[in-house]
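**Q** One file is attached below, query18.cif, containing mmCIF, C-alpha atoms.
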```cif
data_structure
#
loop_
_atom_site.label_atom_id
_atom_site.label_comp_id
_atom_site.auth_asym_id
_atom_site.auth_seq_id
_atom_site.Cartn_x
_atom_site.Cartn_y
_atom_site.Cartn_z
CA MET A 1 85.70 88.73 69.49
CA LYS A 2 89.47 88.16 69.70
CA LYS A 3 89.92 91.88 69.15
CA ILE A 4 87.56 92.68 72.02
CA TRP A 5 89.59 90.43 74.30
CA ILE A 6 92.83 92.20 73.32
CA LEU A 7 91.02 95.35 74.35
CA ILE A 8 89.96 93.96 77.75
CA THR A 9 93.57 93.02 78.48
CA ALA A 10 94.81 96.46 77.50
CA LEU A 11 92.24 98.14 79.70
CA MET A 12 92.87 95.99 82.72
CA LEU A 13 96.63 96.30 82.54
CA SER A 14 96.23 100.03 82.37
CA THR A 15 93.67 100.57 85.10
CA LEU A 16 95.48 99.32 88.15
CA ASN A 17 97.98 101.42 90.04
CA ALA A 18 98.42 101.36 93.84
CA GLU A 19 100.80 100.04 96.51
CA THR A 20 98.36 97.58 98.04
CA ILE A 21 95.11 96.80 96.29
CA LYS A 22 92.33 94.33 95.84
CA ALA A 23 90.10 95.61 93.05
CA ASP A 24 87.37 94.41 90.70
CA TYR A 25 86.52 95.93 87.32
CA LYS A 26 83.82 95.39 84.72
CA VAL A 27 84.24 96.06 81.01
CA GLU A 28 81.30 97.22 78.88
CA PHE A 29 80.79 97.92 75.21
CA GLY A 30 77.95 99.86 73.58
CA ILE A 31 74.45 98.43 73.83
CA ILE A 32 75.78 94.92 74.52
CA GLY A 33 76.66 95.84 78.07
CA GLU A 34 79.13 93.84 80.14
CA ILE A 35 81.64 91.76 78.17
CA GLY A 36 84.24 90.98 80.82
CA VAL A 37 85.39 91.30 84.43
CA ALA A 38 88.81 91.47 86.07
CA ASN A 39 90.02 90.81 89.60
CA ALA A 40 93.40 92.11 90.74
CA VAL A 41 95.45 91.54 93.90
CA LEU A 42 98.81 93.04 94.84
CA THR A 43 100.72 91.67 97.84
CA ARG A 44 103.90 93.44 98.87
CA ASN A 45 106.40 93.65 101.70
CA GLU A 46 109.67 95.55 102.13
CA ASN A 47 111.64 93.22 99.87
CA SER A 48 109.30 91.57 97.37
CA TYR A 49 105.91 91.76 95.65
CA GLU A 50 103.45 89.70 93.61
CA ILE A 51 100.71 91.02 91.32
CA ASN A 52 97.95 88.70 90.11
CA VAL A 53 95.32 89.85 87.60
CA GLU A 54 92.60 87.45 86.39
CA LEU A 55 90.31 88.31 83.46
CA LYS A 56 87.17 86.50 82.33
CA ALA A 57 84.82 87.04 79.42
CA THR A 58 81.16 87.22 80.44
CA GLY A 59 77.76 87.03 78.75
CA LEU A 60 77.80 87.04 74.96
CA ALA A 61 81.55 87.63 74.90
CA LYS A 62 82.07 84.43 76.89
CA THR A 63 80.09 82.42 74.35
CA LEU A 64 81.77 83.94 71.31
CA SER A 65 85.29 83.65 72.77
CA GLY A 66 84.99 80.03 73.86
CA GLY A 67 84.93 80.90 77.56
CA ARG A 68 88.14 82.90 77.36
CA THR A 69 90.13 83.50 80.54
CA GLU A 70 93.46 85.19 81.03
CA GLN A 71 95.84 85.49 83.98
CA HIS A 72 98.78 87.89 84.32
CA ILE A 73 101.31 87.28 87.11
CA SER A 74 104.26 89.47 88.02
CA LYS A 75 106.79 88.58 90.71
CA GLY A 76 109.89 90.49 91.74
CA HIS A 77 111.71 92.62 94.26
CA ILE A 78 111.64 96.18 95.61
CA GLU A 79 114.38 98.58 94.55
CA ASN A 80 114.45 102.22 95.71
CA GLY A 81 110.74 102.02 96.47
CA LEU A 82 109.84 100.69 92.99
CA MET A 83 108.72 97.21 92.01
CA VAL A 84 111.26 95.50 89.74
CA SER A 85 110.07 92.46 87.81
CA ASP A 86 111.98 89.17 87.96
CA LEU A 87 109.27 87.10 86.26
CA TYR A 88 106.20 87.96 84.21
CA GLN A 89 103.75 85.22 83.16
CA VAL A 90 100.68 85.30 80.93
CA ILE A 91 98.32 82.28 80.82
CA LYS A 92 95.46 82.23 78.31
CA SER A 93 92.70 79.69 77.80
CA TYR A 94 89.79 79.58 75.32
CA GLY A 95 87.93 76.63 73.88
CA SER A 96 90.37 73.72 73.48
CA LYS A 97 93.44 76.01 73.44
CA THR A 98 95.78 77.03 76.27
CA SER A 99 99.01 79.01 76.18
CA ASN A 100 101.68 79.91 78.72
CA LYS A 101 104.16 82.72 78.14
CA ILE A 102 106.94 83.41 80.67
CA TYR A 103 109.45 86.28 80.70
CA ARG A 104 112.55 85.89 82.89
CA PHE A 105 114.75 88.87 83.75
CA ASP A 106 118.55 88.83 84.18
CA HIS A 107 119.12 92.30 85.56
CA GLN A 108 122.88 91.88 85.92
CA LYS A 109 123.29 91.11 82.20
CA LYS A 110 120.31 93.28 81.21
CA ILE A 111 118.66 90.42 79.32
CA VAL A 112 115.03 89.29 79.17
CA THR A 113 114.21 85.80 77.84
CA LYS A 114 110.73 84.78 76.70
CA THR A 115 109.55 81.18 76.56
CA TYR A 116 106.24 80.20 74.99
CA LYS A 117 104.26 76.98 74.98
CA SER A 118 100.75 76.25 73.72
CA TRP A 119 98.42 73.26 73.79
CA LYS A 120 95.39 72.23 71.75
CA ASN A 121 93.13 69.46 72.99
CA GLY A 122 95.73 68.70 75.65
CA LYS A 123 98.63 68.25 73.19
CA VAL A 124 101.58 70.60 72.74
CA ASN A 125 101.35 72.30 69.33
CA LYS A 126 103.93 75.08 69.67
CA GLU A 127 107.02 75.76 71.75
CA SER A 128 109.65 78.49 71.46
CA SER A 129 112.29 80.49 73.33
CA GLU A 130 113.88 83.81 72.45
CA ARG A 131 115.79 86.76 73.85
CA LEU A 132 113.96 90.08 73.62
CA LYS A 133 115.50 92.86 71.55
CA TYR A 134 115.21 95.27 74.47
CA TYR A 135 115.58 95.28 78.26
CA SER A 136 113.53 96.91 80.98
CA LYS A 137 113.12 96.53 84.72
CA ASP A 138 109.36 96.86 84.20
CA ASP A 139 106.78 94.49 82.79
CA LEU A 140 103.33 95.79 81.82
CA LEU A 141 101.96 95.34 85.33
CA THR A 142 104.82 96.93 87.29
CA LEU A 143 104.95 99.87 84.90
CA TYR A 144 101.41 100.93 85.77
CA PHE A 145 101.73 100.10 89.45
CA ASN A 146 104.90 102.24 89.55
CA LEU A 147 103.38 105.02 87.47
CA ASN A 148 102.67 107.39 90.36
CA LYS A 149 106.40 107.41 91.17
CA LYS A 150 107.56 107.66 87.56
CA ILE A 151 105.63 110.74 86.48
CA ASP A 152 104.92 114.21 87.85
CA ARG A 153 101.16 114.48 87.40
CA THR A 154 101.17 118.09 88.64
CA LYS A 155 102.84 119.23 85.41
CA GLU A 156 100.44 119.75 82.51
CA ASP A 157 100.90 118.76 78.87
CA LYS A 158 103.68 116.24 79.58
CA HIS A 159 104.60 113.22 77.45
CA TYR A 160 106.40 110.18 78.86
CA THR A 161 107.74 107.13 77.00
CA PHE A 162 108.60 104.00 78.98
CA LEU A 163 109.81 100.50 78.08
CA ALA A 164 107.83 97.53 79.37
CA VAL A 165 108.34 93.79 78.89
CA GLY A 166 105.20 92.26 77.39
CA ALA A 167 104.66 95.10 74.91
CA GLU A 168 106.65 93.65 72.00
CA LYS A 169 103.99 94.63 69.45
CA GLN A 170 104.81 98.23 70.39
CA GLU A 171 108.58 97.55 70.40
CA GLY A 172 108.34 97.67 74.17
CA LYS A 173 107.20 101.29 74.22
CA ALA A 174 104.39 102.58 76.43
CA GLU A 175 103.41 106.22 75.97
CA ILE A 176 101.66 108.24 78.69
CA TYR A 177 100.34 111.80 78.34
CA ILE A 178 99.27 114.16 81.11
CA PRO A 179 96.77 116.60 79.54
CA LYS A 180 96.42 120.35 79.91
CA LYS A 181 93.55 121.54 82.08
CA SER A 182 92.12 123.29 79.03
CA ASP A 183 91.69 119.81 77.46
CA TYR A 184 89.77 118.35 80.40
CA GLY A 185 86.41 118.69 78.63
CA GLU A 186 86.78 115.43 76.68
CA TYR A 187 87.99 113.58 79.78
CA LYS A 188 85.13 114.83 81.95
CA GLU A 189 82.58 113.92 79.31
CA MET A 190 83.85 110.36 78.86
CA LEU A 191 85.16 109.58 82.37
CA GLY A 192 83.25 111.82 84.75
CA GLU A 193 85.00 113.89 87.39
CA SER A 194 85.73 114.13 91.09
CA ASP A 195 87.85 116.32 93.34
CA ASP A 196 90.14 113.44 94.27
CA SER A 197 91.17 112.23 90.79
CA TRP A 198 93.39 113.15 87.85
CA TYR A 199 93.50 112.32 84.14
CA ALA A 200 95.98 110.60 81.83
CA ARG A 201 96.04 109.24 78.29
CA ALA A 202 97.89 106.06 77.24
CA ILE A 203 98.71 105.37 73.58
CA ILE A 204 98.38 101.81 72.24
CA HIS A 205 99.87 100.98 68.83
CA GLN A 206 97.78 98.04 67.62
CA LYS A 207 96.01 97.18 64.37
CA ILE A 208 92.65 96.98 66.13
CA PHE A 209 91.87 100.69 66.00
CA SER A 210 90.16 102.77 63.34
CA SER A 211 92.92 105.36 63.75
CA ASP A 212 96.69 104.77 63.55
CA LYS A 213 96.86 104.41 67.30
CA GLY A 214 94.46 103.66 70.10
CA GLU A 215 93.87 106.07 72.95
CA LEU A 216 93.11 104.87 76.46
CA LEU A 217 91.68 107.68 78.62
CA LEU A 218 92.08 107.23 82.38
CA ARG A 219 90.59 108.85 85.47
CA ILE A 220 92.82 107.91 88.40
CA GLY A 221 92.05 108.55 92.06
CA ASP A 222 94.53 110.21 94.41
CA ASP A 223 94.90 106.79 96.02
CA GLY A 224 96.43 105.56 92.73
CA ILE A 225 93.49 103.36 91.73
CA THR A 226 91.86 104.01 88.36
CA GLN A 227 88.15 104.77 88.71
CA LYS A 228 87.23 104.59 85.03
CA ALA A 229 88.88 104.05 81.64
CA VAL A 230 87.69 104.34 78.06
CA LEU A 231 89.46 102.81 75.07
CA LYS A 232 88.51 104.80 71.98
CA ASP A 233 87.88 103.90 68.34
CA LEU A 234 88.14 100.11 68.28
CA ILE A 235 87.43 98.92 64.73
CA LEU A 236 83.77 97.85 64.34
CA PHE A 237 83.05 98.33 68.04
CA GLY A 238 83.76 101.98 68.88
CA ASP A 239 84.51 102.90 72.51
CA VAL A 240 84.79 100.36 75.32
CA ARG A 241 84.53 101.27 79.02
CA ALA A 242 86.13 99.82 82.14
CA THR A 243 84.69 100.84 85.50
CA LYS A 244 85.77 100.00 89.04
CA MET A 245 83.03 98.12 90.87
#
```
Produce structure tokens that represent the structure in this file.

**A**
Amino acid sequence: MKKIWILITALMLSTLNAETIKADYKVEFGIIGEIGVANAVLTRNENSYEINVELKATGLAKTLSGGRTEQHISKGHIENGLMVSDLYQVIKSYGSKTSNKIYRFDHQKKIVTKTYKSWKNGKVNKESSERLKYYSKDDLLTLYFNLNKKIDRTKEDKHYTFLAVGAEKQEGKAEIYIPKKSDYGEYKEMLGESDDSWYARAIIHQKIFSSDKGELLLRIGDDGITQKAVLKDLILFGDVRATKM
């Protein structure tokens, strides 16, 4: 069940991309049906922004995960029309355990510091602080919200590699592919199609896939909001779907 929740997080972080949004998503797997929901809100003005994404396990997944919830918060400023993260926070809770991870950005020195603290039964059981081995202006949330301005989706068969804070298990790397039109068959079969959407593929390097890397297929509307996503080949579980409600 922990692996399914890693999946839900990956899907939700990858399915939101617009200047101003309030969106709800449901995550489904095989014959089990719904296993999670996510609610996302972006507030932005000329100088600053805040992104807040809340995830909750539902149904059987809620029982097996100990009522797992997760919240991702990104706060920062606007620079040349792009959101630049100053703080990224991840709060997780399941059963008797809670954790709080905070990334703080020093853009002048090009340093990102991560602090971590966890509790069990209300008592602190772990605490740490470290400097990341890499620097980026993006965290996982801003990267996908900025994606429309970082890629040229009109060019086929393009591969992009970005750095994002919060992706340490991938050495900070986030890979995005824009497919050729001749490859649209797989996307249409798994994601559906519409005249006002386009396709992309994100690569996730995690040990939760039956292949060496996981593939997240996305159908994104012209308004920048993902309509549907499918994460392929999760070990023991197969494909998992996220759909905008």

**Q** Which residue out of A:Ile102, A:Leu218, A:Val84, A:Val112 has the minimum interatomic distance to Leu141 (chain A) when all atoms listed in the file are used?

**A** A:Val84

**Q** Between CA of Leu132 (chain A) and CA of Glu168 (chain A), what distance in Å does the model show, to one decimal?

**A** 8.3 Å

**Q** Go through A:Ser74, A:Thr113, A:Thr69, A:Thr98 one by one, measure the shortest atom-to-atom distance of each to Ala57 (chain A) using only C-alpha atoms, and give the residue with the smallest value.

**A** A:Thr69

**Q** If you measure from CA of Ala200 (chain A) to CA of Arg241 (chain A), what distance in Å do you get, rounded to one decimal?

**A**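 Those two atoms sit 15.0 Å apart.
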
**Q** Rank nothing, just name the residue among A:Ile21, A:Ala164, A:Met83, A:Ile203 nearest to Glu46 (chain A), using all atoms listed in the file.

**A**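 The answer is A:Met83, which sits nearest to Glu46 (chain A).
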
**Q** Any chance you could work out the axis-aligned box around region 136-150 of chain A, listed atoms only, 8 Å on each side, giving centre and edge lengths in Å to one decimal, as lines of an AutoDock Vina configuration file?

**A**
```
center_x = 107.5
center_y = 101.1
center_z = 86.1
size_x = 28.1
size_y = 29.2
size_z = 26.2
```

**Q** When the PyMOL selection byres ((chain A and resi 184) around 12) is applied to the file above, which residues end up in the set, as a ChimeraX atom specification?

**A** /A:156-157,178-183,185-193,198-201,217-219

**Q** Quick one: which residues end up in the PyMOL selection byres ((chain A and resi 103-107) around 10) for this structure, as a JSON list (two decimals) with C-alpha atoms, keeping the file's coordinate frame?

**A**
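Saved as selection-v2.json:
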```json
[["chain", "number", "residue", "atom", "x", "y", "z"],
["A", 74, "SER", "CA", 104.26, 89.47, 88.02],
["A", 76, "GLY", "CA", 109.89, 90.49, 91.74],
["A", 84, "VAL", "CA", 111.26, 95.50, 89.74],
["A", 85, "SER", "CA", 110.07, 92.46, 87.81],
["A", 86, "ASP", "CA", 111.98, 89.17, 87.96],
["A", 87, "LEU", "CA", 109.27, 87.10, 86.26],
["A", 88, "TYR", "CA", 106.20, 87.96, 84.21],
["A", 89, "GLN", "CA", 103.75, 85.22, 83.16],
["A", 90, "VAL", "CA", 100.68, 85.30, 80.93],
["A", 101, "LYS", "CA", 104.16, 82.72, 78.14],
["A", 102, "ILE", "CA", 106.94, 83.41, 80.67],
["A", 108, "GLN", "CA", 122.88, 91.88, 85.92],
["A", 109, "LYS", "CA", 123.29, 91.11, 82.20],
["A", 110, "LYS", "CA", 120.31, 93.28, 81.21],
["A", 111, "ILE", "CA", 118.66, 90.42, 79.32],
["A", 112, "VAL", "CA", 115.03, 89.29, 79.17],
["A", 113, "THR", "CA", 114.21, 85.80, 77.84],
["A", 114, "LYS", "CA", 110.73, 84.78, 76.70],
["A", 115, "THR", "CA", 109.55, 81.18, 76.56],
["A", 116, "TYR", "CA", 106.24, 80.20, 74.99],
["A", 129, "SER", "CA", 112.29, 80.49, 73.33],
["A", 130, "GLU", "CA", 113.88, 83.81, 72.45],
["A", 131, "ARG", "CA", 115.79, 86.76, 73.85],
["A", 132, "LEU", "CA", 113.96, 90.08, 73.62],
["A", 135, "TYR", "CA", 115.58, 95.28, 78.26],
["A", 136, "SER", "CA", 113.53, 96.91, 80.98],
["A", 137, "LYS", "CA", 113.12, 96.53, 84.72],
["A", 138, "ASP", "CA", 109.36, 96.86, 84.20],
["A", 139, "ASP", "CA", 106.78, 94.49, 82.79],
["A", 165, "VAL", "CA", 108.34, 93.79, 78.89],
["A", 166, "GLY", "CA", 105.20, 92.26, 77.39]]
```

**Q** Starting from the displayed file, determine the output of the PyMOL selection byres ((chain A and resi 97) around 12) and express the residue list as an MDAnalysis selection string.

**A** chainID A and resid 65:70 91:96 98:100 117:126

**Q** How far is it from CA of Asn39 (chain A) to CA of Leu216 (chain A), in Å with one decimal?

**A**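 Distance reported for this atom pair: 19.5 Å.
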
**Q** Could you tell me which of A:His72, A:Lys228, A:His159, A:Lys26 comes closest to Ala38 (chain A) if we count only C-alpha atoms?

**A** A:Lys26

**Q** Just want the 6 Å neighbourhood of Ala202 (chain A), counted on all atoms listed in the file, with same-chain residues fewer than 5 positions away dropped. Output as a list in words.

**A** Glu175, Ile176, Glu215 and Leu216 of chain A
